[in-house]
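Source file: entry37.pdb. Holds: PDB, C-alpha atoms.
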ATOM      1  CA  MET D 420      95.901  97.472 100.919  1.00  0.00           C
ATOM      2  CA  LYS D 421      94.428  95.642  97.953  1.00  0.00           C
ATOM      3  CA  GLY D 422      95.982  94.832  94.609  1.00  0.00           C
ATOM      4  CA  ILE D 423      96.416  92.346  91.826  1.00  0.00           C
ATOM      5  CA  ILE D 424      99.469  90.276  91.018  1.00  0.00           C
ATOM      6  CA  GLY D 425      99.679  88.936  87.483  1.00  0.00           C
ATOM      7  CA  PHE D 426     102.070  86.453  85.954  1.00  0.00           C
ATOM      8  CA  PHE D 427     102.149  86.587  82.185  1.00  0.00           C
ATOM      9  CA  ASP D 428     103.977  84.123  79.991  1.00  0.00           C
ATOM     10  CA  ILE D 429     102.085  83.713  76.735  1.00  0.00           C
ATOM     11  CA  LEU D 430     104.319  80.992  75.319  1.00  0.00           C
ATOM     12  CA  GLY D 431     104.524  78.848  78.461  1.00  0.00           C
ATOM     13  CA  TYR D 432     101.003  79.117  79.848  1.00  0.00           C
ATOM     14  CA  GLN D 433      99.463  76.353  77.738  1.00  0.00           C
ATOM     15  CA  ASN D 434     102.341  74.031  78.609  1.00  0.00           C
ATOM     16  CA  PHE D 435     101.860  74.893  82.273  1.00  0.00           C
ATOM     17  CA  LEU D 436      98.151  74.028  82.129  1.00  0.00           C
ATOM     18  CA  GLU D 437      98.849  70.711  80.416  1.00  0.00           C
ATOM     19  CA  ASN D 438     101.388  69.652  83.056  1.00  0.00           C
ATOM     20  CA  ASN D 439     100.042  71.181  86.281  1.00  0.00           C
ATOM     21  CA  SER D 440      96.869  71.600  88.273  1.00  0.00           C
ATOM     22  CA  GLU D 441      95.867  75.246  88.071  1.00  0.00           C
ATOM     23  CA  ILE D 442      93.842  74.815  91.291  1.00  0.00           C
ATOM     24  CA  GLU D 443      96.844  73.560  93.259  1.00  0.00           C
ATOM     25  CA  TYR D 444      99.050  76.280  91.809  1.00  0.00           C
ATOM     26  CA  ALA D 445      96.455  78.934  92.695  1.00  0.00           C
ATOM     27  CA  LYS D 446      96.426  77.635  96.285  1.00  0.00           C
ATOM     28  CA  LYS D 447     100.218  77.990  96.430  1.00  0.00           C
ATOM     29  CA  ILE D 448     100.013  81.552  95.112  1.00  0.00           C
ATOM     30  CA  ILE D 449      97.379  82.435  97.721  1.00  0.00           C
ATOM     31  CA  GLU D 450      99.581  80.981 100.473  1.00  0.00           C
ATOM     32  CA  LEU D 451     102.517  83.025  99.200  1.00  0.00           C
ATOM     33  CA  ILE D 452     100.470  86.227  99.143  1.00  0.00           C
ATOM     34  CA  GLU D 453      99.245  85.577 102.687  1.00  0.00           C
ATOM     35  CA  ARG D 454     102.827  85.038 103.917  1.00  0.00           C
ATOM     36  CA  LEU D 455     103.941  88.218 102.174  1.00  0.00           C
ATOM     37  CA  GLN D 456     101.086  90.150 103.749  1.00  0.00           C
ATOM     38  CA  LYS D 457     101.994  88.896 107.250  1.00  0.00           C
ATOM     39  CA  THR D 458     105.649  89.744 106.660  1.00  0.00           C
ATOM     40  CA  PHE D 459     104.740  93.224 105.404  1.00  0.00           C
ATOM     41  CA  TYR D 460     102.691  93.913 108.535  1.00  0.00           C
ATOM     42  CA  LYS D 461     105.492  92.687 110.815  1.00  0.00           C
ATOM     43  CA  ILE D 462     108.000  94.941 109.058  1.00  0.00           C
ATOM     44  CA  SER D 463     105.559  97.867 109.216  1.00  0.00           C
ATOM     45  CA  GLU D 464     105.138  97.361 112.967  1.00  0.00           C
ATOM     46  CA  MET D 465     108.922  97.318 113.448  1.00  0.00           C
ATOM     47  CA  VAL D 466     109.335 100.519 111.425  1.00  0.00           C
ATOM     48  CA  ILE D 467     106.639 102.240 113.467  1.00  0.00           C
ATOM     49  CA  LEU D 468     108.359 101.202 116.700  1.00  0.00           C
ATOM     50  CA  VAL D 469     111.715 102.501 115.467  1.00  0.00           C
ATOM     51  CA  LEU D 470     110.240 105.835 114.367  1.00  0.00           C
ATOM     52  CA  ARG D 471     108.545 106.513 117.724  1.00  0.00           C
TER
END
Just give me the structure of the file as structure tokens.
Amino acid sequence: MKGIIGFFDILGYQNFLENNSEIEYAKKIIELIERLQKTFYKISEMVILVLR
């Protein structure tokens, strides 16, 4: 499954960039997405086992 997650905050984005490293924040988002993907697969496996 592929998709795009977008966070949109027009008024706060410039402030965010001035006070944070966008590279470090992007790494955190990637880590979060990877954890969510692993969790999704674990839940999917459990559902498949229950439905058998």
### Message
I'd like the interatomic distance between CA of Thr458 (chain D) and CA of Asn439 (chain D), to a tenth of an Å.
### Response
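CA of Asn439 (chain D) lies at a distance of 28.1 Å from CA of Thr458 (chain D).
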### Query
Interatomic distance between CA of Leu430 (chain D) and CA of Ile449 (chain D)?
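Going from CA of Leu430 (chain D) over to CA of Ile449 (chain D) covers 23.5 Å.
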### Query
In Å, with one decimal, what is the gap from CA of Ala445 (chain D) to CA of Phe459 (chain D)?
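The value is 20.8 Å.
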Atoms added to region 433-450 of chain D (N, CA and C atoms), reported as a PDB file, in the coordinates of the input:
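File produced: selection_38.pdb:
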ATOM      1  N   GLN D 433     100.153  77.561  78.185  1.00  0.00           N
ATOM      2  CA  GLN D 433      99.463  76.353  77.738  1.00  0.00           C
ATOM      3  C   GLN D 433     100.209  75.116  78.224  1.00  0.00           C
ATOM      4  N   ASN D 434     101.528  75.146  78.126  1.00  0.00           N
ATOM      5  CA  ASN D 434     102.341  74.031  78.609  1.00  0.00           C
ATOM      6  C   ASN D 434     102.142  73.853  80.112  1.00  0.00           C
ATOM      7  N   PHE D 435     102.094  74.952  80.837  1.00  0.00           N
ATOM      8  CA  PHE D 435     101.860  74.893  82.273  1.00  0.00           C
ATOM      9  C   PHE D 435     100.531  74.203  82.582  1.00  0.00           C
ATOM     10  N   LEU D 436      99.474  74.601  81.876  1.00  0.00           N
ATOM     11  CA  LEU D 436      98.151  74.028  82.129  1.00  0.00           C
ATOM     12  C   LEU D 436      98.108  72.535  81.798  1.00  0.00           C
ATOM     13  N   GLU D 437      98.843  72.121  80.793  1.00  0.00           N
ATOM     14  CA  GLU D 437      98.849  70.711  80.416  1.00  0.00           C
ATOM     15  C   GLU D 437      99.580  69.853  81.441  1.00  0.00           C
ATOM     16  N   ASN D 438     100.534  70.434  82.164  1.00  0.00           N
ATOM     17  CA  ASN D 438     101.388  69.652  83.056  1.00  0.00           C
ATOM     18  C   ASN D 438     101.165  69.929  84.538  1.00  0.00           C
ATOM     19  N   ASN D 439     100.258  70.819  84.888  1.00  0.00           N
ATOM     20  CA  ASN D 439     100.042  71.181  86.281  1.00  0.00           C
ATOM     21  C   ASN D 439      98.570  71.394  86.557  1.00  0.00           C
ATOM     22  N   SER D 440      98.233  71.305  87.840  1.00  0.00           N
ATOM     23  CA  SER D 440      96.869  71.600  88.273  1.00  0.00           C
ATOM     24  C   SER D 440      96.785  73.085  88.587  1.00  0.00           C
ATOM     25  N   GLU D 441      95.981  73.803  87.830  1.00  0.00           N
ATOM     26  CA  GLU D 441      95.867  75.246  88.071  1.00  0.00           C
ATOM     27  C   GLU D 441      95.270  75.537  89.447  1.00  0.00           C
ATOM     28  N   ILE D 442      94.434  74.632  89.959  1.00  0.00           N
ATOM     29  CA  ILE D 442      93.842  74.815  91.291  1.00  0.00           C
ATOM     30  C   ILE D 442      94.926  74.722  92.364  1.00  0.00           C
ATOM     31  N   GLU D 443      95.765  73.713  92.278  1.00  0.00           N
ATOM     32  CA  GLU D 443      96.844  73.560  93.259  1.00  0.00           C
ATOM     33  C   GLU D 443      97.826  74.723  93.180  1.00  0.00           C
ATOM     34  N   TYR D 444      98.129  75.154  91.978  1.00  0.00           N
ATOM     35  CA  TYR D 444      99.050  76.280  91.809  1.00  0.00           C
ATOM     36  C   TYR D 444      98.439  77.564  92.367  1.00  0.00           C
ATOM     37  N   ALA D 445      97.144  77.750  92.157  1.00  0.00           N
ATOM     38  CA  ALA D 445      96.455  78.934  92.695  1.00  0.00           C
ATOM     39  C   ALA D 445      96.495  78.921  94.221  1.00  0.00           C
ATOM     40  N   LYS D 446      96.338  77.747  94.826  1.00  0.00           N
ATOM     41  CA  LYS D 446      96.426  77.635  96.285  1.00  0.00           C
ATOM     42  C   LYS D 446      97.816  78.042  96.774  1.00  0.00           C
ATOM     43  N   LYS D 447      98.846  77.625  96.051  1.00  0.00           N
ATOM     44  CA  LYS D 447     100.218  77.990  96.430  1.00  0.00           C
ATOM     45  C   LYS D 447     100.437  79.498  96.324  1.00  0.00           C
ATOM     46  N   ILE D 448      99.883  80.101  95.289  1.00  0.00           N
ATOM     47  CA  ILE D 448     100.013  81.552  95.112  1.00  0.00           C
ATOM     48  C   ILE D 448      99.303  82.286  96.247  1.00  0.00           C
ATOM     49  N   ILE D 449      98.116  81.809  96.619  1.00  0.00           N
ATOM     50  CA  ILE D 449      97.379  82.435  97.721  1.00  0.00           C
ATOM     51  C   ILE D 449      98.170  82.326  99.016  1.00  0.00           C
ATOM     52  N   GLU D 450      98.758  81.155  99.280  1.00  0.00           N
ATOM     53  CA  GLU D 450      99.581  80.981 100.473  1.00  0.00           C
ATOM     54  C   GLU D 450     100.764  81.943 100.466  1.00  0.00           C
TER      55      GLU D 450
END
